[in-house]
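Next comes query-v7.tsv, a file with TSV, N, CA and C atoms.
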chain	number	residue	atom	x	y	z
A	91	MET	N	16.16	-0.32	5.04
A	91	MET	CA	15.68	-0.59	6.37
A	91	MET	C	14.62	-1.67	6.31
A	92	ARG	N	14.77	-2.74	7.05
A	92	ARG	CA	13.79	-3.82	7.11
A	92	ARG	C	12.99	-3.69	8.38
A	93	TYR	N	11.77	-4.16	8.31
A	93	TYR	CA	10.89	-4.12	9.47
A	93	TYR	C	10.89	-5.48	10.13
A	94	ASP	N	10.87	-5.49	11.46
A	94	ASP	CA	11.03	-6.73	12.21
A	94	ASP	C	9.72	-7.45	12.50
A	95	GLY	N	8.63	-7.07	11.90
A	95	GLY	CA	7.37	-7.75	12.13
A	95	GLY	C	6.50	-7.08	13.18
A	96	ALA	N	7.01	-6.05	13.84
A	96	ALA	CA	6.21	-5.36	14.84
A	96	ALA	C	5.02	-4.65	14.18
A	97	LEU	N	5.18	-4.28	12.93
A	97	LEU	CA	4.09	-3.67	12.18
A	97	LEU	C	3.40	-4.74	11.35
A	98	SER	N	2.14	-4.51	11.01
A	98	SER	CA	1.49	-5.42	10.08
A	98	SER	C	2.13	-5.21	8.71
A	99	ASP	N	1.94	-6.18	7.82
A	99	ASP	CA	2.50	-6.06	6.47
A	99	ASP	C	2.01	-4.79	5.78
A	100	ARG	N	0.73	-4.49	5.93
A	100	ARG	CA	0.18	-3.31	5.26
A	100	ARG	C	0.74	-2.02	5.84
A	101	GLN	N	0.92	-1.97	7.15
A	101	GLN	CA	1.51	-0.78	7.75
A	101	GLN	C	2.95	-0.61	7.28
A	102	ALA	N	3.68	-1.70	7.23
A	102	ALA	CA	5.08	-1.64	6.78
A	102	ALA	C	5.14	-1.20	5.32
A	103	ILE	N	4.23	-1.71	4.49
A	103	ILE	CA	4.21	-1.34	3.08
A	103	ILE	C	3.91	0.14	2.93
A	104	MET	N	2.97	0.66	3.71
A	104	MET	CA	2.65	2.08	3.65
A	104	MET	C	3.87	2.92	4.05
A	105	ARG	N	4.59	2.51	5.06
A	105	ARG	CA	5.79	3.25	5.47
A	105	ARG	C	6.86	3.21	4.39
A	106	VAL	N	7.03	2.06	3.76
A	106	VAL	CA	8.02	1.94	2.69
A	106	VAL	C	7.66	2.86	1.53
A	107	ILE	N	6.40	2.83	1.13
A	107	ILE	CA	5.97	3.68	0.01
A	107	ILE	C	6.18	5.15	0.35
A	108	ARG	N	5.76	5.55	1.54
A	108	ARG	CA	5.89	6.95	1.96
A	108	ARG	C	7.35	7.39	1.95
A	109	SER	N	8.23	6.59	2.55
A	109	SER	CA	9.64	6.99	2.62
A	109	SER	C	10.30	6.93	1.25
A	110	TRP	N	9.94	5.94	0.43
A	110	TRP	CA	10.54	5.81	-0.90
A	110	TRP	C	10.16	7.00	-1.77
A	111	ILE	N	8.87	7.39	-1.74
A	111	ILE	CA	8.44	8.54	-2.53
A	111	ILE	C	9.17	9.80	-2.07
A	112	PHE	N	9.33	9.95	-0.76
A	112	PHE	CA	10.04	11.11	-0.22
A	112	PHE	C	11.49	11.13	-0.70
A	113	GLU	N	12.14	9.97	-0.69
A	113	GLU	CA	13.56	9.90	-1.06
A	113	GLU	C	13.79	9.94	-2.57
A	114	HIS	N	12.91	9.29	-3.35
A	114	HIS	CA	13.17	9.11	-4.78
A	114	HIS	C	12.20	9.85	-5.70
A	115	GLY	N	11.13	10.39	-5.16
A	115	GLY	CA	10.19	11.13	-5.99
A	115	GLY	C	9.18	10.29	-6.74
A	116	GLN	N	9.25	8.98	-6.60
A	116	GLN	CA	8.29	8.07	-7.22
A	116	GLN	C	8.16	6.83	-6.35
A	117	ALA	N	7.14	6.05	-6.60
A	117	ALA	CA	6.88	4.86	-5.79
A	117	ALA	C	7.87	3.75	-6.11
A	118	PRO	N	8.11	2.84	-5.17
A	118	PRO	CA	8.99	1.71	-5.41
A	118	PRO	C	8.28	0.63	-6.23
A	119	THR	N	9.06	-0.29	-6.78
A	119	THR	CA	8.49	-1.44	-7.48
A	119	THR	C	8.01	-2.46	-6.44
A	120	ILE	N	7.25	-3.44	-6.92
A	120	ILE	CA	6.78	-4.50	-6.02
A	120	ILE	C	7.96	-5.23	-5.40
A	121	ARG	N	8.98	-5.51	-6.18
A	121	ARG	CA	10.16	-6.20	-5.65
A	121	ARG	C	10.88	-5.37	-4.59
A	122	GLN	N	10.99	-4.07	-4.83
A	122	GLN	CA	11.65	-3.20	-3.84
A	122	GLN	C	10.85	-3.16	-2.54
A	123	ILE	N	9.54	-3.12	-2.64
A	123	ILE	CA	8.70	-3.14	-1.44
A	123	ILE	C	8.90	-4.46	-0.70
A	124	GLY	N	8.85	-5.57	-1.43
A	124	GLY	CA	9.03	-6.88	-0.82
A	124	GLY	C	10.36	-7.02	-0.09
A	125	GLU	N	11.43	-6.51	-0.71
A	125	GLU	CA	12.75	-6.56	-0.06
A	125	GLU	C	12.75	-5.78	1.24
A	126	ARG	N	12.11	-4.62	1.24
A	126	ARG	CA	12.12	-3.77	2.44
A	126	ARG	C	11.28	-4.33	3.58
A	127	VAL	N	10.17	-5.00	3.26
A	127	VAL	CA	9.29	-5.50	4.33
A	127	VAL	C	9.51	-6.98	4.63
A	128	GLY	N	10.38	-7.63	3.85
A	128	GLY	CA	10.69	-9.03	4.13
A	128	GLY	C	9.71	-10.02	3.52
A	129	LEU	N	9.00	-9.63	2.48
A	129	LEU	CA	8.11	-10.55	1.77
A	129	LEU	C	8.79	-10.95	0.47
A	130	SER	N	9.02	-12.26	0.28
A	130	SER	CA	9.72	-12.70	-0.92
A	130	SER	C	8.77	-12.91	-2.09
A	131	SER	N	7.49	-13.08	-1.81
A	131	SER	CA	6.52	-13.33	-2.87
A	131	SER	C	5.97	-12.01	-3.41
A	132	THR	N	6.20	-11.76	-4.70
A	132	THR	CA	5.67	-10.53	-5.30
A	132	THR	C	4.14	-10.56	-5.35
A	133	SER	N	3.55	-11.74	-5.43
A	133	SER	CA	2.09	-11.81	-5.46
A	133	SER	C	1.49	-11.42	-4.11
A	134	SER	N	2.16	-11.73	-3.01
A	134	SER	CA	1.64	-11.32	-1.71
A	134	SER	C	1.77	-9.80	-1.53
A	135	VAL	N	2.83	-9.22	-2.06
A	135	VAL	CA	2.97	-7.76	-2.02
A	135	VAL	C	1.88	-7.12	-2.87
A	136	ALA	N	1.64	-7.67	-4.07
A	136	ALA	CA	0.60	-7.13	-4.95
A	136	ALA	C	-0.77	-7.25	-4.30
A	137	TYR	N	-1.02	-8.35	-3.60
A	137	TYR	CA	-2.30	-8.52	-2.90
A	137	TYR	C	-2.47	-7.42	-1.84
A	138	GLN	N	-1.43	-7.19	-1.05
A	138	GLN	CA	-1.51	-6.16	-0.01
A	138	GLN	C	-1.71	-4.78	-0.63
A	139	LEU	N	-1.03	-4.51	-1.74
A	139	LEU	CA	-1.21	-3.23	-2.43
A	139	LEU	C	-2.64	-3.09	-2.95
A	140	GLY	N	-3.20	-4.17	-3.45
A	140	GLY	CA	-4.58	-4.14	-3.93
A	140	GLY	C	-5.56	-3.82	-2.82
A	141	ARG	N	-5.33	-4.39	-1.65
A	141	ARG	CA	-6.19	-4.10	-0.49
A	141	ARG	C	-6.06	-2.63	-0.08
A	142	LEU	N	-4.85	-2.12	-0.05
A	142	LEU	CA	-4.64	-0.71	0.29
A	142	LEU	C	-5.32	0.20	-0.72
A	143	GLU	N	-5.29	-0.22	-1.99
A	143	GLU	CA	-5.95	0.57	-3.02
A	143	GLU	C	-7.47	0.53	-2.85
A	144	GLU	N	-8.02	-0.63	-2.53
A	144	GLU	CA	-9.46	-0.75	-2.29
A	144	GLU	C	-9.91	0.18	-1.17
A	145	TRP	N	-9.11	0.30	-0.15
A	145	TRP	CA	-9.44	1.14	1.00
A	145	TRP	C	-9.17	2.62	0.75
A	146	GLY	N	-8.59	2.94	-0.41
A	146	GLY	CA	-8.33	4.33	-0.74
A	146	GLY	C	-7.07	4.91	-0.11
A	147	LEU	N	-6.24	4.05	0.48
A	147	LEU	CA	-5.00	4.54	1.10
A	147	LEU	C	-3.92	4.84	0.09
A	148	ILE	N	-3.98	4.16	-1.07
A	148	ILE	CA	-3.10	4.47	-2.18
A	148	ILE	C	-3.93	4.49	-3.46
A	149	THR	N	-3.46	5.25	-4.42
A	149	THR	CA	-4.09	5.28	-5.74
A	149	THR	C	-2.97	5.18	-6.76
A	150	ARG	N	-3.31	4.84	-7.97
A	150	ARG	CA	-2.29	4.81	-9.01
A	150	ARG	C	-2.84	5.46	-10.27
A	151	THR	N	-1.95	6.13	-10.96
A	151	THR	CA	-2.34	6.84	-12.17
A	151	THR	C	-2.20	5.97	-13.40
A	152	GLY	N	-1.39	4.95	-13.32
A	152	GLY	CA	-1.19	4.04	-14.44
A	152	GLY	C	-1.55	2.63	-14.04
A	153	ARG	N	-1.17	1.70	-14.86
A	153	ARG	CA	-1.50	0.30	-14.60
A	153	ARG	C	-0.56	-0.32	-13.57
A	154	GLY	N	0.70	0.09	-13.56
A	154	GLY	CA	1.69	-0.48	-12.66
A	154	GLY	C	1.69	0.17	-11.29
A	155	TRP	N	2.27	-0.53	-10.33
A	155	TRP	CA	2.33	-0.01	-8.96
A	155	TRP	C	3.34	1.11	-8.82
A	156	LYS	N	4.26	1.25	-9.75
A	156	LYS	CA	5.24	2.31	-9.67
A	156	LYS	C	4.58	3.68	-9.81
A	157	SER	N	3.35	3.71	-10.30
A	157	SER	CA	2.62	4.97	-10.46
A	157	SER	C	1.71	5.28	-9.27
A	158	CYS	N	1.88	4.54	-8.17
A	158	CYS	CA	0.96	4.76	-7.04
A	158	CYS	C	1.33	6.01	-6.25
A	159	HIS	N	0.31	6.57	-5.64
A	159	HIS	CA	0.43	7.75	-4.79
A	159	HIS	C	-0.33	7.47	-3.51
A	160	LEU	N	0.06	8.16	-2.47
A	160	LEU	CA	-0.66	8.01	-1.21
A	160	LEU	C	-1.97	8.77	-1.30
A	161	GLY	N	-3.02	8.15	-0.85
A	161	GLY	CA	-4.34	8.77	-0.86
A	161	GLY	C	-4.83	8.95	0.57
A	162	SER	N	-6.06	9.33	0.69
A	162	SER	CA	-6.65	9.41	2.02
A	162	SER	C	-7.73	8.33	2.11
A	163	PRO	N	-7.97	7.78	3.29
A	163	PRO	CA	-8.93	6.70	3.41
A	163	PRO	C	-10.33	7.11	2.99
A	164	LYS	N	-11.05	6.17	2.40
A	164	LYS	CA	-12.42	6.43	2.00
A	164	LYS	C	-13.31	6.46	3.25
A	165	PRO	N	-14.31	7.33	3.26
A	165	PRO	CA	-15.23	7.32	4.40
A	165	PRO	C	-16.05	6.03	4.38
A	166	PRO	N	-16.52	5.58	5.53
A	166	PRO	CA	-17.30	4.35	5.55
A	166	PRO	C	-18.59	4.50	4.76
A	167	ARG	N	-18.98	3.44	4.09
A	167	ARG	CA	-20.22	3.47	3.31
A	167	ARG	C	-21.41	3.34	4.24
A	168	ARG	N	-22.43	4.08	3.93
A	168	ARG	CA	-23.66	3.99	4.71
A	168	ARG	C	-24.74	3.49	3.79
A	169	GLY	N	-25.32	2.37	4.14
A	169	GLY	CA	-26.38	1.80	3.33
A	169	GLY	C	-27.75	2.20	3.85
A	170	LEU	N	-28.74	1.90	3.08
A	170	LEU	CA	-30.11	2.16	3.49
A	170	LEU	C	-30.53	1.10	4.50
A	171	ARG	N	-31.23	1.53	5.50
A	171	ARG	CA	-31.73	0.58	6.50
A	171	ARG	C	-33.13	0.14	6.12
A	172	SER	N	-33.37	-1.13	6.27
A	172	SER	CA	-34.74	-1.61	6.02
A	172	SER	C	-35.45	-1.74	7.35
A	173	ARG	N	-36.73	-1.54	7.33
A	173	ARG	CA	-37.49	-1.63	8.59
A	173	ARG	C	-38.26	-2.88	8.67

Go ahead and express the file in the form of structure tokens.
Amino acid sequence: MRYDGALSDRQAIMRVIRSWIFEHGQAPTIRQIGERVGLSSTSSVAYQLGRLEEWGLITRTGRGWKSCHLGSPKPPRRGLRSR
């Protein structure tokens, strides 16, 4: 199933990961994600995955993206206020 652009790339990637894990029991490869969301550049898919990982929406147990799992978003950071 390809997405027609109505979703952002990151939203589409999250949906692909969620459905792929449900269907196959493990995460898809970068190329499989790119094919599903219509991104031909593996580096752009890796960039989007990196951003999702920074935000805590996905985590990975190994070095590769095939080991990623869905996470929960990190709470916003609260810094000290200066007066």

TODO: Compute the distance from (2.9, 1.6, 4.1) to each atom, counting only C-alpha atoms, keep the residues with any atom at most 12 Å away, and return them as a ChimeraX atom specification; use the coordinates of the file.
DONE: /A:93,97-111,117-118,123-124,126-127,135,138-139,141-143,147-148,158-161

Task: Coordinates-based distance that separates atom N of A:Thr119 from atom C of A:Ala136 (Å, one decimal) - done: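 The value is 12.3 Å.
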
Task: Distance of atom CA of A:Trp155 from atom C of A:Gly140, expressed in Å to one decimal place - done: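 Going from atom C of A:Gly140 over to atom CA of A:Trp155, I get 10.7 Å.
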
Task: Interatomic distance (Å, one decimal) between atom CA of A:Gln116 and atom C of A:Ser157 - done: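 Atom C of A:Ser157 lies 7.4 Å from atom CA of A:Gln116.
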
- [ ] as a list of chain:residue names, list the residues of stretch 92-170 of chain A assigned to strand (DSSP E or B) by DSSP on the backbone atoms of this structure.
- [x] A:Ile148, A:Thr149, A:Arg150, A:Cys158, A:His159, A:Leu160
